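A.B. asks: Data: run.txt, compact mmCIF, C-alpha atoms.
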```
# COMPACT_ATOMS: atom_id res chain seq x y z
CA MET A 1 -4.86 -26.61 5.41
CA LYS A 2 -7.63 -24.79 7.24
CA ILE A 3 -6.66 -21.26 8.25
CA LEU A 4 -8.68 -18.76 10.26
CA PHE A 5 -7.82 -15.16 9.39
CA VAL A 6 -8.47 -12.64 12.16
CA HIS A 7 -8.51 -8.93 11.35
CA ASN A 8 -9.89 -5.72 12.78
CA ARG A 9 -10.37 -3.34 9.84
CA TYR A 10 -9.43 0.31 10.19
CA GLN A 11 -11.88 3.18 9.87
CA GLN A 12 -9.92 4.42 6.88
CA ALA A 13 -9.13 1.46 4.66
CA GLY A 14 -5.48 1.24 3.75
CA GLY A 15 -2.67 -0.97 2.54
CA GLU A 16 -2.87 -3.36 5.50
CA ASP A 17 -6.49 -4.23 4.77
CA ASN A 18 -5.57 -4.89 1.13
CA VAL A 19 -2.68 -7.13 2.15
CA VAL A 20 -4.96 -9.22 4.37
CA MET A 21 -7.44 -9.87 1.58
CA ALA A 22 -4.71 -10.55 -0.97
CA GLU A 23 -3.08 -13.10 1.32
CA ALA A 24 -6.39 -14.84 2.02
CA ASN A 25 -7.20 -15.02 -1.69
CA LEU A 26 -3.74 -16.39 -2.42
CA LEU A 27 -4.30 -19.27 0.00
CA ILE A 28 -7.75 -19.97 -1.43
CA GLN A 29 -6.31 -20.07 -4.95
CA HIS A 30 -3.91 -22.78 -3.76
CA GLY A 31 -6.78 -24.91 -2.48
CA HIS A 32 -6.71 -24.09 1.23
CA HIS A 33 -9.83 -23.47 3.31
CA VAL A 34 -9.79 -19.92 4.68
CA GLU A 35 -12.39 -18.50 7.02
CA MET A 36 -12.40 -14.78 7.78
CA TRP A 37 -13.26 -13.31 11.17
CA ILE A 38 -13.31 -9.60 10.46
CA LEU A 39 -14.54 -6.72 12.59
CA ASP A 40 -14.73 -3.16 11.29
CA ASN A 41 -13.85 -0.03 13.26
CA LYS A 42 -16.59 1.77 11.37
CA ASP A 43 -18.96 -0.18 13.63
CA LEU A 44 -17.44 1.06 16.89
CA PRO A 45 -20.14 2.28 19.30
CA GLY A 46 -20.50 6.02 19.76
CA GLY A 47 -21.23 8.07 22.84
CA VAL A 48 -19.46 8.09 26.19
CA VAL A 49 -20.74 4.70 27.30
CA GLY A 50 -19.74 3.05 24.03
CA LYS A 51 -16.26 4.52 24.11
CA VAL A 52 -15.77 3.42 27.72
CA LYS A 53 -16.72 -0.15 26.79
CA VAL A 54 -14.23 -0.15 23.91
CA ALA A 55 -11.51 1.23 26.20
CA ILE A 56 -12.15 -1.45 28.84
CA ASN A 57 -12.06 -4.25 26.26
CA THR A 58 -8.97 -3.01 24.40
CA SER A 59 -6.57 -4.82 26.72
CA TYR A 60 -8.69 -7.95 27.06
CA SER A 61 -12.15 -8.70 25.70
CA VAL A 62 -13.88 -11.67 27.31
CA LEU A 63 -16.65 -11.39 24.72
CA SER A 64 -14.16 -11.68 21.84
CA ARG A 65 -12.48 -14.62 23.53
CA ASN A 66 -15.80 -16.46 23.75
CA VAL A 67 -16.67 -15.66 20.14
CA ALA A 68 -13.23 -16.86 19.06
CA ARG A 69 -13.61 -20.16 20.92
CA GLU A 70 -16.92 -20.83 19.21
CA LYS A 71 -15.40 -20.11 15.80
CA LEU A 72 -12.43 -22.36 16.53
CA LYS A 73 -14.67 -25.22 17.64
CA ALA A 74 -16.86 -24.89 14.57
CA PHE A 75 -14.11 -24.43 11.95
CA GLN A 76 -11.28 -26.40 13.62
CA PRO A 77 -8.45 -24.61 11.82
CA ASP A 78 -4.89 -25.87 11.60
CA VAL A 79 -3.58 -22.33 12.09
CA VAL A 80 -5.00 -19.00 13.23
CA HIS A 81 -3.42 -16.05 11.46
CA VAL A 82 -3.98 -12.78 13.32
CA HIS A 83 -3.35 -9.59 11.37
CA ASN A 84 -4.84 -6.92 13.62
CA PHE A 85 -6.68 -7.44 16.91
CA PHE A 86 -6.86 -3.75 17.89
CA PRO A 87 -9.11 -2.57 19.41
CA GLN A 88 -12.20 -4.79 19.30
CA ILE A 89 -10.81 -8.34 19.21
CA SER A 90 -7.97 -7.74 21.71
CA PRO A 91 -5.16 -10.13 22.71
CA SER A 92 -7.78 -12.44 24.23
CA ILE A 93 -7.74 -14.16 20.82
CA TYR A 94 -4.47 -15.79 21.89
CA ASP A 95 -6.04 -17.40 24.96
CA ALA A 96 -8.89 -18.78 22.88
CA CYS A 97 -6.33 -20.41 20.59
CA LEU A 98 -4.39 -21.82 23.55
CA ASP A 99 -7.61 -23.27 24.97
CA GLU A 100 -8.28 -25.06 21.68
CA GLY A 101 -4.67 -26.06 21.01
CA VAL A 102 -4.36 -24.09 17.75
CA PRO A 103 -1.06 -22.39 16.80
CA VAL A 104 -1.13 -18.61 16.28
CA VAL A 105 0.72 -16.61 13.65
CA GLN A 106 0.69 -12.82 14.12
CA THR A 107 1.76 -10.46 11.36
CA LEU A 108 3.40 -7.28 12.66
CA HIS A 109 2.06 -4.81 10.11
CA ASN A 110 3.04 -1.87 12.34
CA TYR A 111 4.71 -1.29 15.72
CA ARG A 112 1.53 -1.33 17.85
CA LEU A 113 2.74 -4.11 20.17
CA ILE A 114 5.71 -2.02 21.30
CA CYS A 115 4.51 1.55 20.60
CA PRO A 116 1.03 2.86 21.51
CA GLY A 117 1.18 5.21 18.52
CA ALA A 118 2.15 2.26 16.27
CA MET A 119 4.67 4.33 14.29
CA LEU A 120 7.70 4.81 16.57
CA MET A 121 7.23 8.51 15.88
CA ARG A 122 6.38 11.54 18.00
CA GLU A 123 5.82 15.14 16.93
CA GLY A 124 7.07 14.39 13.44
CA LYS A 125 10.31 12.73 14.56
CA ILE A 126 11.50 9.18 15.15
CA CYS A 127 10.93 8.09 18.76
CA GLU A 128 12.01 4.76 20.28
CA GLN A 129 11.44 5.54 23.95
CA CYS A 130 8.81 2.83 24.40
CA ILE A 131 11.12 0.11 23.08
CA SER A 132 13.24 0.11 26.21
CA GLY A 133 11.10 2.24 28.53
CA THR A 134 7.56 2.11 29.81
CA PRO A 135 4.84 2.53 27.18
CA TYR A 136 2.90 4.70 29.63
CA GLN A 137 5.06 7.67 28.65
CA ALA A 138 3.03 7.73 25.43
CA ALA A 139 0.14 9.08 27.52
CA LEU A 140 2.21 12.15 28.40
CA TYR A 141 2.56 13.06 24.73
CA GLY A 142 -0.78 11.85 23.35
CA CYS A 143 0.96 9.52 20.92
CA TYR A 144 -2.27 7.77 19.98
CA ARG A 145 -4.31 10.17 17.83
CA GLY A 146 -3.17 13.16 19.90
CA SER A 147 -5.27 11.97 22.86
CA ARG A 148 -3.68 11.47 26.27
CA LEU A 149 -6.63 9.43 27.47
CA GLY A 150 -6.66 7.29 24.33
CA SER A 151 -2.90 6.88 24.59
CA LEU A 152 -3.27 5.75 28.19
CA VAL A 153 -5.72 3.02 27.12
CA VAL A 154 -3.39 1.71 24.40
CA ALA A 155 -0.32 2.03 26.63
CA HIS A 156 -2.07 -0.08 29.25
CA MET A 157 -2.68 -2.78 26.66
CA VAL A 158 0.97 -2.77 25.58
CA ALA A 159 2.34 -2.69 29.14
CA LYS A 160 -0.05 -5.33 30.49
CA HIS A 161 0.77 -7.92 27.88
CA ARG A 162 4.47 -7.12 27.93
CA ASN A 163 4.52 -7.73 31.70
CA GLN A 164 2.39 -10.88 31.43
CA GLY A 165 4.65 -12.35 28.77
CA THR A 166 1.83 -12.56 26.23
CA TRP A 167 4.10 -11.90 23.26
CA LEU A 168 6.66 -14.39 24.59
CA ASN A 169 4.37 -17.29 25.43
CA LYS A 170 1.07 -17.09 23.59
CA VAL A 171 2.07 -16.53 19.97
CA SER A 172 3.66 -19.36 18.00
CA ARG A 173 5.26 -17.14 15.36
CA PHE A 174 5.41 -13.47 14.48
CA ILE A 175 5.89 -12.25 10.92
CA ALA A 176 7.89 -9.04 10.52
CA LEU A 177 7.85 -7.43 7.10
CA THR A 178 11.57 -6.60 6.99
CA ASP A 179 14.80 -7.41 8.82
CA PHE A 180 14.78 -3.85 10.14
CA ALA A 181 11.32 -4.24 11.67
CA LYS A 182 12.36 -7.55 13.22
CA SER A 183 15.35 -5.86 14.84
CA LYS A 184 13.08 -3.32 16.58
CA PHE A 185 10.80 -6.00 17.99
CA VAL A 186 13.75 -8.08 19.14
CA SER A 187 15.19 -4.97 20.84
CA ALA A 188 11.85 -4.67 22.66
CA GLY A 189 12.18 -8.21 24.02
CA PHE A 190 10.54 -10.39 21.38
CA PRO A 191 12.39 -13.73 20.99
CA SER A 192 14.34 -13.63 17.74
CA GLU A 193 13.63 -17.27 16.96
CA LYS A 194 9.90 -16.56 17.01
CA VAL A 195 10.07 -13.72 14.47
CA SER A 196 10.16 -14.71 10.81
CA VAL A 197 10.66 -12.15 8.04
CA LYS A 198 8.21 -12.25 5.13
CA ALA A 199 7.59 -9.26 2.90
CA ASN A 200 4.33 -8.13 1.38
CA PHE A 201 3.67 -9.25 -2.19
CA LEU A 202 1.81 -8.23 -5.31
CA SER A 203 0.08 -9.86 -8.22
CA ASP A 204 2.24 -9.06 -11.22
CA PRO A 205 0.64 -6.02 -12.91
CA TRP A 206 2.87 -6.35 -15.96
CA PRO A 207 3.50 -10.05 -16.70
CA GLY A 208 4.71 -9.26 -20.18
CA LEU A 209 7.62 -7.18 -18.87
CA LYS A 210 10.65 -9.46 -18.70
CA SER A 211 13.50 -6.99 -18.44
CA ALA A 212 13.80 -3.39 -19.57
CA ARG A 213 10.94 -0.96 -20.16
CA ASP A 214 10.81 2.17 -22.28
CA ILE A 215 11.15 5.35 -20.24
CA ASP A 216 9.96 8.15 -22.49
CA SER A 217 8.34 10.46 -19.95
CA VAL A 218 10.40 12.81 -17.81
CA PHE A 219 8.64 13.03 -14.47
CA ALA A 220 9.05 11.74 -10.96
CA LEU A 221 6.11 10.22 -9.11
CA PHE A 222 4.95 10.32 -5.48
CA VAL A 223 2.11 8.01 -4.43
CA GLY A 224 0.76 8.18 -0.90
CA ARG A 225 -0.77 10.18 1.90
CA ILE A 226 -0.04 13.90 1.86
CA SER A 227 1.10 14.11 5.47
CA LEU A 228 4.00 15.07 7.70
CA GLU A 229 5.43 11.60 8.26
CA LYS A 230 5.52 10.94 4.51
CA GLY A 231 8.12 13.69 4.12
CA ILE A 232 5.96 15.96 1.99
CA HIS A 233 7.66 19.13 3.29
CA THR A 234 11.09 17.80 2.32
CA LEU A 235 9.82 16.70 -1.08
CA LEU A 236 8.38 20.11 -1.95
CA LYS A 237 11.51 21.92 -0.71
CA ALA A 238 13.60 19.68 -2.93
CA TRP A 239 11.43 20.39 -5.97
CA ASN A 240 11.84 24.12 -5.45
CA ARG A 241 15.47 23.49 -6.42
CA MET A 242 14.57 21.75 -9.70
CA ASP A 243 14.47 23.40 -13.10
CA ASP A 244 11.22 23.80 -15.01
CA ALA A 245 11.68 20.64 -17.08
CA ARG A 246 11.63 18.33 -14.04
CA LEU A 247 8.00 17.54 -13.25
CA LEU A 248 6.76 15.90 -10.06
CA LYS A 249 3.36 14.19 -10.16
CA ILE A 250 1.69 13.56 -6.80
CA ALA A 251 -1.07 10.97 -6.47
CA GLY A 252 -2.84 11.01 -3.12
CA THR A 253 -4.64 13.14 -0.58
CA GLY A 254 -4.16 14.01 3.06
CA PRO A 255 -4.15 16.71 5.73
CA LEU A 256 -1.44 18.73 3.98
CA ASP A 257 -3.19 18.97 0.60
CA THR A 258 -3.05 22.76 0.62
CA LEU A 259 0.74 22.64 0.39
CA LEU A 260 0.40 21.42 -3.20
CA ILE A 261 -1.44 24.49 -4.47
CA ASN A 262 0.45 26.58 -7.05
CA LYS A 263 3.74 24.76 -6.61
CA LYS A 264 6.32 25.03 -9.37
CA ASN A 265 6.76 21.82 -11.40
CA VAL A 266 4.25 19.96 -9.20
CA GLU A 267 1.09 18.39 -10.56
CA ALA A 268 -1.34 17.34 -7.83
CA LEU A 269 -3.49 14.50 -9.15
CA GLY A 270 -5.49 13.76 -6.01
CA ARG A 271 -6.59 10.24 -5.14
CA GLN A 272 -6.05 7.77 -7.98
CA ASN A 273 -7.43 4.25 -8.36
CA SER A 274 -5.12 1.27 -8.78
CA ALA A 275 -5.38 1.25 -12.57
CA ALA A 276 -4.42 4.93 -12.77
CA VAL A 277 -1.50 4.42 -10.40
CA SER A 278 -0.29 1.50 -12.49
CA LYS A 279 -0.39 3.65 -15.63
CA LEU A 280 1.55 6.41 -13.87
CA MET A 281 4.18 3.94 -12.71
CA ALA A 282 4.52 2.56 -16.23
CA GLU A 283 5.27 6.07 -17.50
CA ALA A 284 7.30 7.68 -14.71
CA SER A 285 11.06 7.98 -14.59
CA PHE A 286 11.27 7.02 -10.91
CA LEU A 287 9.26 6.91 -7.70
CA VAL A 288 10.06 9.23 -4.78
CA LEU A 289 9.54 7.84 -1.28
CA PRO A 290 10.70 10.59 1.13
CA SER A 291 9.10 9.19 4.33
CA GLU A 292 10.52 10.35 7.63
CA TRP A 293 9.22 7.52 9.80
CA TYR A 294 9.94 3.79 9.98
CA GLU A 295 7.62 2.61 7.24
CA GLY A 296 6.39 -0.93 7.86
CA PHE A 297 6.58 -2.14 4.29
CA PRO A 298 4.95 0.32 1.90
CA LEU A 299 3.13 -1.65 -0.79
CA VAL A 300 3.87 1.18 -3.20
CA LEU A 301 7.50 0.06 -3.07
CA VAL A 302 6.61 -3.42 -4.32
CA GLU A 303 4.35 -1.86 -6.96
CA ALA A 304 7.24 0.25 -8.19
CA PHE A 305 9.57 -2.73 -8.46
CA ALA A 306 6.86 -4.70 -10.27
CA HIS A 307 6.70 -1.92 -12.89
CA GLY A 308 10.48 -1.76 -13.21
CA LEU A 309 10.35 1.66 -11.58
CA PRO A 310 13.47 2.68 -9.62
CA VAL A 311 12.87 4.28 -6.22
CA LEU A 312 14.48 7.38 -4.74
CA ALA A 313 13.90 6.97 -0.99
CA SER A 314 14.95 8.09 2.45
CA LYS A 315 17.85 6.11 3.88
CA LEU A 316 15.72 5.10 6.82
CA GLY A 317 14.31 1.96 8.40
CA SER A 318 12.67 -0.59 6.15
CA MET A 319 13.16 1.51 3.03
CA ALA A 320 16.93 1.25 3.40
CA ASP A 321 16.40 -2.46 4.10
CA VAL A 322 14.51 -3.15 0.89
CA ILE A 323 16.11 -0.75 -1.61
CA ARG A 324 19.65 -1.59 -2.68
CA ASP A 325 21.34 1.77 -3.08
CA GLY A 326 22.72 2.10 -6.60
CA GLU A 327 21.09 -1.17 -7.70
CA THR A 328 17.30 -0.93 -7.46
CA GLY A 329 17.14 2.72 -6.51
CA VAL A 330 18.94 5.56 -4.77
CA LEU A 331 18.87 6.55 -1.10
CA PHE A 332 19.14 10.07 0.33
CA GLU A 333 19.51 11.43 3.84
CA PRO A 334 16.09 11.63 5.54
CA GLY A 335 14.72 15.16 5.73
CA ASN A 336 17.56 16.57 3.58
CA ALA A 337 15.92 18.46 0.71
CA GLU A 338 19.25 19.35 -0.90
CA ASP A 339 20.39 15.72 -1.00
CA LEU A 340 17.00 14.65 -2.39
CA ALA A 341 17.15 17.32 -5.10
CA ASN A 342 20.72 16.44 -6.10
CA LYS A 343 19.96 12.74 -6.43
CA ALA A 344 16.73 13.38 -8.31
CA LYS A 345 18.70 15.55 -10.78
CA TRP A 346 21.26 12.77 -11.17
CA LEU A 347 18.54 10.27 -12.03
CA PHE A 348 16.99 12.61 -14.58
CA ASP A 349 20.39 13.36 -16.14
CA ASN A 350 21.57 9.74 -16.42
CA PRO A 351 19.05 7.79 -18.50
CA GLN A 352 21.38 4.81 -18.98
CA GLU A 353 21.80 4.43 -15.22
CA LEU A 354 18.06 4.85 -14.79
CA GLN A 355 17.50 2.01 -17.26
CA ARG A 356 19.94 -0.21 -15.34
CA LEU A 357 18.12 0.51 -12.09
CA SER A 358 14.84 -0.23 -13.81
CA ILE A 359 15.97 -3.68 -14.92
CA ASN A 360 17.30 -4.47 -11.44
CA ALA A 361 14.08 -3.31 -9.79
CA ARG A 362 11.96 -5.56 -12.01
CA ASN A 363 14.27 -8.53 -11.39
CA MET A 364 14.07 -7.87 -7.65
CA PHE A 365 10.29 -8.08 -7.83
CA LEU A 366 10.39 -11.32 -9.81
CA GLY A 367 12.83 -12.86 -7.35
CA LYS A 368 11.31 -11.79 -4.01
CA TYR A 369 7.84 -10.26 -4.15
CA THR A 370 5.66 -12.41 -6.38
CA GLU A 371 2.57 -14.31 -5.24
CA GLU A 372 4.27 -17.70 -5.60
CA GLN A 373 7.32 -16.65 -3.58
CA ASN A 374 5.09 -15.30 -0.83
CA TYR A 375 2.95 -18.43 -0.82
CA GLN A 376 5.96 -20.71 -0.35
CA GLU A 377 7.30 -18.58 2.53
CA LEU A 378 3.90 -18.43 4.23
CA MET A 379 3.35 -22.17 3.98
CA THR A 380 6.79 -22.83 5.46
CA ILE A 381 5.76 -20.78 8.50
CA TYR A 382 2.36 -22.48 8.81
CA ARG A 383 3.83 -25.98 8.57
CA ASP A 384 6.53 -25.15 11.09
CA VAL A 385 4.15 -23.86 13.77
CA SER A 386 1.72 -26.74 13.12
CA THR A 387 4.50 -29.28 13.60
CA ARG A 388 5.67 -27.64 16.82
CA ILE A 389 2.22 -27.56 18.41
CA THR A 390 1.59 -31.25 17.69
CA SER A 391 5.05 -32.50 18.66
```
Could the structure of this file be written out as structure tokens, please?
C.D. replies:
Amino acid sequence: MKILFVHNRYQQAGGEDNVVMAEANLLIQHGHHVEMWILDNKDLPGGVVGKVKVAINTSYSVLSRNVAREKLKAFQPDVVHVHNFFPQISPSIYDACLDEGVPVVQTLHNYRLICPGAMLMREGKICEQCISGTPYQAALYGCYRGSRLGSLVVAHMVAKHRNQGTWLNKVSRFIALTDFAKSKFVSAGFPSEKVSVKANFLSDPWPGLKSARDIDSVFALFVGRISLEKGIHTLLKAWNRMDDARLLKIAGTGPLDTLLINKKNVEALGRQNSAAVSKLMAEASFLVLPSEWYEGFPLVLVEAFAHGLPVLASKLGSMADVIRDGETGVLFEPGNAEDLANKAKWLFDNPQELQRLSINARNMFLGKYTEEQNYQELMTIYRDVSTRITS
């Protein structure tokens, strides 16, 4: 097949950008022709005039539509796979595809199409007001980067295309990362039959690991952004309750870095490359994922499973969807430091149970999150939308 990938990179590269490239490479490895149309937010124009132009084009860019049509005519893809159109490409990409008769698949990496802030979160707490109400209320709270004006621009994009039926009529298939995420989009009016569920995947970092792994080290691991929504306050409060032998290693940086200074039993490692993270996961007792927002599908979760690393996570959103409590990890009440501490202690104190969880986590990865499994699921979606558009 010939597939056009469409993606607007973020100013700060993250997991979504990595997923896009991994998926494209996976298709290329299987012999498909993939062309990339990628714009980068690092190239956004500065100054007042530049920002005004970006704001105007966020809801609908005629320029991007024309560029897209030229690319479609030249490449003639069987499918266009849109990952992120915000803000430079805009939903005009859908009209270009309609004009050329090409089916569109849109991956829902976050909640941008129903929430201007993209996280279903406001002031550090879960917020679902825009699911059933007008997205313009986001402008009152500055949900997009703390800016009321910026939030108004994004809210207009969401409201305009919701009212015009863009999500209903111009996209052949959406891909949600979890059943939980799908449920939120369906609640916001997306047709259930148009939303497939396909998780993120990972190249096996430990192909020699077939079942159990040796767990000699006694430390828990956190990998991620040091920020409010990641539950860092709750994590540190919980570790204040731990005895001196229970070490927490934290790999990552963020706006709350200063909270990690001189904390008992906490080793702040800063930003680590993928090889270093893999080594940490191979040695850790378990991963802690204390997020207090509806994570899309944190790739660190798949990485943990791939390493046979059980996960102690908030019983919230997609995390509760992916982690089987008592089988591949343990869930605790979101924001509850005491519950987190108690369950962390239980994991440390029960090595046989930890080993059982480790085996189950690895088997879960092998059964659901490998490259080959993802490829088969993706091709099923592509073939289905291609058949529908030609029938």
A.B. asks: Quick one: residues within 9 Å of Leu235 of chain A, all atoms listed in the file, excluding same-chain residues fewer than 2 positions away - as a PyMOL selection string?
C.D. replies: chain A and resi 231-233+237-240+288-290+335+337+340-341
A.B. asks: Show me the residues around (-5.2, -5.9, 21.0) - criterion: an atom at most 7 Å away, all atoms listed in the file counted - as a PyMOL selection string.
C.D. replies: chain A and resi 58-59+85-87+89-91+157
A.B. asks: Atom CA of Gly308 of chain A to atom CA of Leu202 of chain A: how many Å, to one decimal?
C.D. replies: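 If I compute the distance from atom CA of Gly308 of chain A to atom CA of Leu202 of chain A, I get 13.4 Å.
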A.B. asks: From the list A:Asp349, A:Glu295, A:Glu283, A:Asp243, which residue is nearest Ser318 of chain A when using only C-alpha atoms?
C.D. replies: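 Distance minimum relative to Ser318 of chain A lands on A:Glu295.
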A.B. asks: Between atom CA of Leu347 of chain A and atom CA of Val223 of chain A, measure the distance and give it in Å to one decimal.
C.D. replies: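 Taking atom CA of Leu347 of chain A as the start and atom CA of Val223 of chain A as the end point, the length is 18.2 Å.
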A.B. asks: Please, what distance in Å, to one decimal, runs between atom CA of Lys368 of chain A and atom CA of Thr253 of chain A?
C.D. replies: 29.8 Å
